[in-house]
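**Student:** I'm passing along data-v6.txt; it holds compact mmCIF, C-alpha atoms.
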# COMPACT_ATOMS: atom_id res chain seq x y z
CA MET R 11 2.88 -18.47 -65.93
CA GLU R 12 -0.27 -16.46 -66.59
CA ARG R 13 -0.22 -14.92 -63.12
CA THR R 14 3.52 -14.24 -63.40
CA GLY R 15 2.96 -12.55 -66.76
CA LEU R 16 0.19 -10.35 -65.33
CA ILE R 17 2.42 -9.26 -62.44
CA ALA R 18 5.24 -8.57 -64.91
CA ALA R 19 2.91 -6.44 -67.07
CA VAL R 20 1.77 -4.42 -64.04
CA THR R 21 5.39 -4.00 -62.94
CA LEU R 22 6.33 -2.77 -66.41
CA ARG R 23 3.54 -0.20 -66.38
CA GLU R 24 4.57 0.99 -62.92
CA ALA R 25 8.20 1.23 -64.02
CA LEU R 26 7.32 3.36 -67.04
CA ARG R 27 5.41 5.72 -64.76
CA GLN R 28 8.46 6.27 -62.57
CA LYS R 29 10.10 9.65 -63.15
CA LEU R 30 13.47 8.02 -62.50
CA VAL R 31 13.23 5.93 -65.67
CA GLY R 32 12.47 8.90 -67.91
CA LEU R 33 15.15 11.02 -66.24
CA LEU R 34 17.90 8.43 -66.62
CA VAL R 35 16.97 7.70 -70.23
CA LEU R 36 16.96 11.40 -71.12
CA VAL R 37 20.26 12.12 -69.36
CA ALA R 38 21.99 9.07 -70.81
CA ALA R 39 20.64 9.79 -74.31
CA GLY R 40 21.68 13.42 -73.96
CA LEU R 41 25.23 12.39 -73.07
CA VAL R 42 25.40 9.95 -75.98
CA VAL R 43 24.09 12.51 -78.46
CA GLY R 44 26.18 15.35 -77.02
CA VAL R 45 29.42 13.38 -76.82
CA ARG R 46 30.62 14.96 -80.07
CA GLY R 47 30.91 18.23 -78.18
CA LEU R 48 33.45 16.58 -75.85
CA ARG R 49 35.75 15.25 -78.56
CA ASP R 50 38.32 17.98 -77.79
CA PHE R 51 38.84 16.29 -74.41
CA ASN R 52 39.60 12.81 -75.74
CA PHE R 53 43.32 13.09 -74.90
CA GLY R 54 44.43 11.93 -78.33
CA ALA R 55 42.09 8.94 -78.71
CA PRO R 56 40.59 8.46 -82.21
CA GLU R 57 37.33 10.34 -82.36
CA LEU R 58 35.01 7.46 -83.29
CA LYS R 59 36.54 5.22 -80.60
CA PHE R 60 36.17 8.00 -78.05
CA ILE R 61 32.49 8.43 -78.93
CA ALA R 62 31.91 4.66 -78.75
CA ASP R 63 33.71 4.29 -75.41
CA PHE R 64 31.96 7.31 -73.90
CA GLY R 65 28.55 6.05 -75.02
CA ASP R 66 29.32 2.56 -73.74
CA GLY R 67 30.27 3.99 -70.36
CA ALA R 68 27.07 6.03 -70.20
CA ILE R 69 24.97 2.94 -70.89
CA ALA R 70 26.83 0.92 -68.24
CA GLY R 71 26.76 3.62 -65.56
CA PHE R 72 23.20 4.86 -65.92
CA GLY R 73 21.99 1.31 -66.53
CA ALA R 74 23.45 0.20 -63.19
CA VAL R 75 21.68 3.05 -61.39
CA LEU R 76 18.43 2.15 -63.14
CA ALA R 77 18.71 -1.59 -62.35
CA ILE R 78 19.43 -1.08 -58.64
CA VAL R 79 17.15 1.83 -57.78
CA LEU R 80 14.21 0.74 -59.94
CA THR R 81 14.24 -2.83 -58.58
CA ALA R 82 14.33 -1.66 -54.96
CA GLN R 83 11.74 1.05 -55.57
CA LEU R 84 9.20 -1.24 -57.26
CA PHE R 85 9.60 -3.94 -54.61
CA PHE R 86 9.30 -1.69 -51.56
CA SER R 87 6.43 0.31 -53.04
CA GLU R 88 4.39 -2.91 -52.95
CA ILE R 89 5.43 -3.58 -49.33
CA GLU R 90 4.93 -0.03 -48.04
CA ASN R 91 1.59 0.48 -49.79
CA ARG R 92 0.40 -2.93 -48.54
CA THR R 93 -0.56 -3.94 -52.07
CA ALA R 94 1.69 -6.99 -51.75
CA LEU R 95 -0.37 -8.19 -48.80
CA THR R 96 -3.58 -7.84 -50.80
CA LEU R 97 -2.06 -9.56 -53.81
CA LEU R 98 -0.56 -12.46 -51.86
CA ALA R 99 -3.87 -13.00 -50.05
CA LYS R 100 -5.19 -14.15 -53.43
CA PRO R 101 -4.11 -17.41 -55.08
CA VAL R 102 -0.72 -15.94 -56.01
CA TRP R 103 2.50 -17.61 -54.93
CA ARG R 104 5.38 -15.54 -53.64
CA THR R 105 7.52 -17.13 -56.34
CA GLU R 106 5.17 -15.73 -58.98
CA PHE R 107 5.26 -12.33 -57.29
CA LEU R 108 9.06 -12.11 -57.32
CA LEU R 109 9.46 -13.55 -60.81
CA GLY R 110 6.86 -11.13 -62.14
CA LYS R 111 8.72 -8.22 -60.57
CA PHE R 112 12.02 -9.38 -62.03
CA ILE R 113 10.64 -9.95 -65.53
CA GLY R 114 9.03 -6.50 -65.57
CA VAL R 115 12.32 -4.84 -64.56
CA ALA R 116 14.28 -7.00 -67.03
CA VAL R 117 12.11 -5.79 -69.92
CA VAL R 118 12.83 -2.18 -68.92
CA LEU R 119 16.58 -2.87 -68.74
CA VAL R 120 16.72 -4.63 -72.12
CA THR R 121 14.73 -1.80 -73.70
CA PHE R 122 17.05 0.75 -72.09
CA CYS R 123 20.15 -0.95 -73.49
CA ALA R 124 18.60 -1.37 -76.94
CA THR R 125 17.41 2.25 -77.12
CA LEU R 126 20.71 3.77 -75.98
CA THR R 127 22.74 1.47 -78.25
CA ALA R 128 20.60 2.43 -81.25
CA THR R 129 21.10 6.10 -80.37
CA LEU R 130 24.87 5.57 -80.12
CA ALA R 131 24.89 3.76 -83.46
CA VAL R 132 23.12 6.69 -85.14
CA VAL R 133 25.60 9.17 -83.63
CA LEU R 134 28.54 7.07 -84.80
CA TRP R 135 27.06 6.61 -88.28
CA GLN R 136 26.50 10.35 -88.70
CA ARG R 137 30.00 11.22 -87.52
CA GLU R 138 31.58 8.48 -89.63
CA ALA R 139 29.75 9.83 -92.70
CA GLY R 140 31.09 13.30 -91.97
CA LEU R 141 34.65 12.03 -91.54
CA ARG R 142 34.42 10.12 -94.82
CA LEU R 143 33.79 13.41 -96.60
CA GLU R 144 36.54 15.23 -94.69
CA GLN R 145 39.18 12.46 -94.77
CA PRO R 146 38.29 9.91 -97.49
CA GLU R 147 41.82 8.48 -97.48
CA ALA R 148 41.38 7.34 -93.87
CA PHE R 149 38.49 5.05 -94.93
CA ALA R 150 40.15 3.54 -97.99
CA LEU R 151 40.09 0.09 -96.38
CA GLY R 152 36.44 0.24 -95.33
CA GLY R 153 34.34 1.37 -92.38
CA ALA R 154 35.86 2.27 -89.04
CA VAL R 155 32.93 1.33 -86.78
CA ASN R 156 32.04 -2.28 -86.02
CA TYR R 157 28.27 -2.04 -85.58
CA GLY R 158 28.04 -5.75 -84.86
CA ALA R 159 30.21 -5.20 -81.78
CA LEU R 160 27.72 -2.56 -80.63
CA VAL R 161 24.92 -5.13 -80.72
CA VAL R 162 27.07 -7.63 -78.80
CA ALA R 163 27.94 -4.96 -76.23
CA ALA R 164 24.24 -4.11 -75.81
CA TRP R 165 23.40 -7.75 -75.04
CA LEU R 166 26.31 -8.03 -72.59
CA HIS R 167 25.17 -4.85 -70.83
CA ALA R 168 21.66 -6.27 -70.59
CA LEU R 169 23.00 -9.49 -69.03
CA LYS R 170 24.97 -7.52 -66.44
CA LEU R 171 22.03 -5.30 -65.58
CA MET R 172 19.66 -8.25 -65.19
CA LEU R 173 22.22 -9.90 -62.90
CA LEU R 174 22.38 -6.68 -60.89
CA ALA R 175 18.58 -6.50 -60.68
CA ALA R 176 18.39 -10.12 -59.47
CA GLY R 177 21.02 -9.42 -56.80
CA THR R 178 19.18 -6.29 -55.66
CA LEU R 179 15.94 -8.25 -55.50
CA LEU R 180 17.69 -10.84 -53.31
CA VAL R 181 18.77 -8.11 -50.87
CA ALA R 182 15.31 -6.50 -50.97
CA SER R 183 13.71 -9.85 -50.06
CA PHE R 184 15.15 -9.60 -46.52
CA ALA R 185 15.99 -5.87 -46.19
CA GLN R 186 13.75 -3.69 -44.08
CA THR R 187 14.35 -0.42 -45.92
CA GLN R 188 14.75 0.63 -49.52
CA ILE R 189 17.90 2.64 -48.73
CA TYR R 190 19.64 -0.46 -47.39
CA ALA R 191 18.74 -2.46 -50.50
CA VAL R 192 20.03 0.32 -52.78
CA MET R 193 23.29 0.68 -50.83
CA MET R 194 23.92 -3.06 -50.87
CA GLY R 195 23.09 -3.13 -54.58
CA PHE R 196 25.77 -0.55 -55.32
CA ALA R 197 28.21 -2.37 -53.03
CA GLY R 198 27.59 -5.57 -54.99
CA PHE R 199 28.09 -3.66 -58.24
CA VAL R 200 31.54 -2.50 -57.07
CA ILE R 201 32.49 -5.98 -55.83
CA CYS R 202 31.43 -7.62 -59.10
CA HIS R 203 33.60 -5.20 -61.05
CA LEU R 204 36.70 -5.38 -58.85
CA GLN R 205 36.77 -8.96 -57.58
CA GLY R 206 38.27 -10.30 -60.81
CA PHE R 207 41.18 -7.87 -60.52
CA ALA R 208 41.71 -8.72 -56.84
CA HIS R 209 41.63 -12.46 -57.48
CA GLY R 210 44.17 -12.17 -60.28
CA ALA R 211 46.44 -9.89 -58.22
CA TYR R 212 46.51 -12.27 -55.24
CA GLU R 213 47.20 -15.23 -57.53
CA ARG R 214 50.18 -13.46 -59.09
CA SER R 215 51.54 -12.27 -55.74
CA GLY R 216 51.28 -15.70 -54.12
CA ALA R 217 49.61 -14.23 -51.00
CA SER R 218 48.03 -17.45 -49.76
CA VAL R 219 46.41 -15.76 -46.75
CA MET R 220 44.27 -13.52 -48.95
CA LEU R 221 43.91 -15.94 -51.85
CA MET R 222 41.27 -18.14 -50.19
CA PRO R 223 38.90 -15.24 -49.33
CA ALA R 224 39.47 -13.85 -52.83
CA LYS R 225 38.57 -17.23 -54.36
CA LEU R 226 35.44 -17.42 -52.20
CA ILE R 227 34.33 -13.96 -53.34
CA HIS R 228 35.22 -14.92 -56.92
CA TRP R 229 32.79 -17.86 -56.77
CA VAL R 230 30.02 -16.15 -54.79
CA PHE R 231 29.87 -12.95 -56.88
CA PRO R 232 29.72 -12.88 -60.69
CA ASP R 233 32.72 -11.34 -62.41
CA PHE R 234 31.52 -8.38 -64.47
CA GLN R 235 34.90 -8.15 -66.20
CA ARG R 236 33.87 -11.24 -68.17
CA PHE R 237 31.19 -9.18 -69.92
CA ALA R 238 33.61 -7.18 -72.03
CA VAL R 239 33.19 -7.63 -75.78
CA GLU R 240 36.65 -9.20 -75.96
CA ALA R 241 35.64 -11.86 -73.43
CA ALA R 242 32.82 -12.90 -75.73
CA GLY R 243 35.31 -13.98 -78.39
CA ASP R 244 34.73 -10.86 -80.50
CA GLY R 245 31.04 -11.64 -80.71
CA SER R 246 31.29 -15.32 -81.57
CA ALA R 247 28.18 -17.39 -80.91
CA LEU R 248 30.14 -19.72 -78.62
CA GLY R 249 31.50 -16.87 -76.50
CA LEU R 250 28.10 -15.18 -76.24
CA GLY R 251 26.47 -18.49 -75.39
CA ARG R 252 28.91 -19.15 -72.55
CA LEU R 253 28.41 -15.69 -71.08
CA THR R 254 24.63 -15.97 -71.39
CA ILE R 255 24.68 -19.30 -69.54
CA TYR R 256 27.05 -17.83 -66.96
CA ALA R 257 24.72 -14.88 -66.34
CA ALA R 258 21.60 -17.07 -66.39
CA GLY R 259 23.12 -19.37 -63.77
CA TYR R 260 23.92 -16.59 -61.33
CA THR R 261 20.55 -14.94 -61.99
CA ALA R 262 18.69 -18.19 -61.29
CA VAL R 263 20.61 -18.71 -58.04
CA ALA R 264 19.93 -15.15 -56.89
CA LEU R 265 16.22 -15.42 -57.71
CA GLY R 266 16.01 -18.85 -56.04
CA LEU R 267 17.55 -17.47 -52.84
CA ALA R 268 15.25 -14.45 -53.02
CA VAL R 269 12.20 -16.71 -53.24
CA TYR R 270 13.48 -18.86 -50.34
CA VAL R 271 14.00 -15.81 -48.11
CA PHE R 272 10.80 -14.02 -49.14
CA ARG R 273 8.66 -17.07 -48.34
CA ARG R 274 9.77 -16.76 -44.71
CA ARG R 275 9.30 -13.01 -44.47
CA GLU R 276 6.43 -11.27 -42.74
CA VAL R 277 4.72 -9.02 -45.28
Starting from the file, give its structure as structure tokens.

**Tutor:**
Amino acid sequence: MERTGLIAAVTLREALRQKLVGLLVLVAAGLVVGVRGLRDFNFGAPELKFIADFGDGAIAGFGAVLAIVLTAQLFFSEIENRTALTLLAKPVWRTEFLLGKFIGVAVVLVTFCATLTATLAVVLWQREAGLRLEQPEAFALGGAVNYGALVVAAWLHALKLMLLAAGTLLVASFAQTQIYAVMMGFAGFVICHLQGFAHGAYERSGASVMLMPAKLIHWVFPDFQRFAVEAAGDGSALGLGRLTIYAAGYTAVALGLAVYVFRRREV
């Protein structure tokens, strides 16, 4: 654990030095803060809900880019610079190397979700305070923003992004190029988002020919549609616990396969 922790700390420092991390954080934060300027394009949606949904989408989208690209970049930088060969020549197991990489990236992803969610909460609080002064009758029954749901959404985003990082690390463990790992990471991201819809559609249509492949994909790939706030039972401890176990299970399998493959790879 000590060696894994040291590798994770080095990975975290390397991640914070990457220009990509700062760029994505600044762009995502800028969109969240500047969303009030887009409220005229909300197509009739309530303003606070529009701001919350837009900010949530920014966290999900930019977080996915960060999870995939950063994981592949940090892994292949060690391979291409031959620092992995030097490190693994010491009494360091490949399992410790991969786990350290994953933990370092996971800390970045959790911090990203927490920072952007806090920024979104501040934007919503400021706008809600302004609307209370402009339209006090609309808030006669209490506040309009559920800040507890924002915290739940942040944790669910973090679970998804850590799953995505583990999957990208699995691909990187056997991929020969960083571009391939990134492309497969984004392909997996799309599959994880759409496979739940496809599985449900084939079940309703009764198309038995396509149902078996859809079921196979449904079991092999995690269903990201489960990580909506509603799926967590409106933030109940039981719902969050089930989703956390669900994500932890898939993450453990992906990391286990990555270790198995990486042990047999020429570095």

**Student:** For the atom pair atom CA of Val230 of chain R and atom CA of Leu76 of chain R, what is the interatomic distance in Å to one decimal place?

**Tutor:** 23.2 Å

**Student:** Using only C-alpha atoms, which residue out of R:Ala77, R:Ile17, R:Ile201, R:Leu41 lies closest to Ile113 of chain R?

**Tutor:** R:Ile17

**Student:** Which one is closest to Ala82 of chain R: R:Tyr190, R:Trp229, R:Phe237, R:Tyr270? Count only C-alpha atoms.

**Tutor:** R:Tyr190

**Student:** Tell me which residues come within 12 Å of (18.2, -0.3, -76.1), as a PyMOL selection string, counting all atoms listed in the file in the file's coordinates.

**Tutor:** chain R and resi 35+38-39+66+69-70+73+116-131+160-168

**Student:** Compare R:Val102, R:Val75, R:Leu97, R:Val155 by their minimum atom-to-atom distance to Arg13 of chain R, counting only C-alpha atoms, and give me the closest one.

**Tutor:**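 The closest residue to Arg13 of chain R is R:Val102.
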
**Student:** Go through R:Trp135, R:Leu36, R:Arg142, R:Ile78 one by one, measure the shortest atom-to-atom distance of each to Ala197 of chain R using only C-alpha atoms, and give the residue with the smallest value.

**Tutor:**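 Of all the options, R:Ile78 lies closest to Ala197 of chain R.
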
**Student:** For a cut-off of 12 Å around (27.6, 12.5, -86.6), file coordinates, pick out all residues using all atoms listed in the file and list them as a list of chain:residue names.

**Tutor:** R:Val42, R:Val43, R:Gly44, R:Val45, R:Arg46, R:Gly47, R:Arg49, R:Glu57, R:Leu58, R:Ile61, R:Ala62, R:Thr129, R:Leu130, R:Ala131, R:Val132, R:Val133, R:Leu134, R:Trp135, R:Gln136, R:Arg137, R:Glu138, R:Ala139, R:Gly140, R:Leu141, R:Arg142, R:Leu143

**Student:** What is the distance, in Å and to one decimal place, between atom CA of Pro232 of chain R and atom CA of Leu267 of chain R?

**Tutor:** 15.2 Å

**Student:** Could you name the residues that touch Val263 of chain R at 12 Å or less, counting all atoms listed in the file, but leaving out those on the same chain fewer than 6 positions away, as number ranges by chain?

**Tutor:** R: 173, 176-177, 179-180, 230-232, 256-257, 269-270

**Student:** Hey, can you check how far atom CA of Met172 of chain R sits from atom CA of Thr96 of chain R?

**Tutor:**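 The value is 27.3 Å.
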
**Student:** Output, as lines of an AutoDock Vina configuration file, the centre and edge lengths in Å (one decimal) of the axis-aligned box that contains all listed atoms of segment 13-32 of chain R with 3 Å of margin on each side.

**Tutor:**
center_x = 6.6
center_y = -2.6
center_z = -65.2
size_x = 19.7
size_y = 30.6
size_z = 11.5

**Student:** Nearest to Gln186 of chain R among R:Arg275, R:Lys170, R:Arg27, R:Arg252, with distances taken over only C-alpha atoms: which residue is it?

**Tutor:** R:Arg275

**Student:** Please determine, counting all atoms listed in the file, which residue among R:Met194, R:Ala238, R:Leu16, R:Cys202 has the shortest atom-to-atom distance to Ala159 of chain R.

**Tutor:**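 Smallest separation from Ala159 of chain R among the options: R:Ala238.
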
**Student:** Find the spatial neighbours of Gln28 of chain R, counting only C-alpha atoms, within a cut-off of 12 Å - ignore same-chain residues fewer than 2 positions away - and output them as a VMD selection string.

**Tutor:** chain R and resid 21 to 26 30 to 35 76 79 to 81 83 to 84 87 115 118
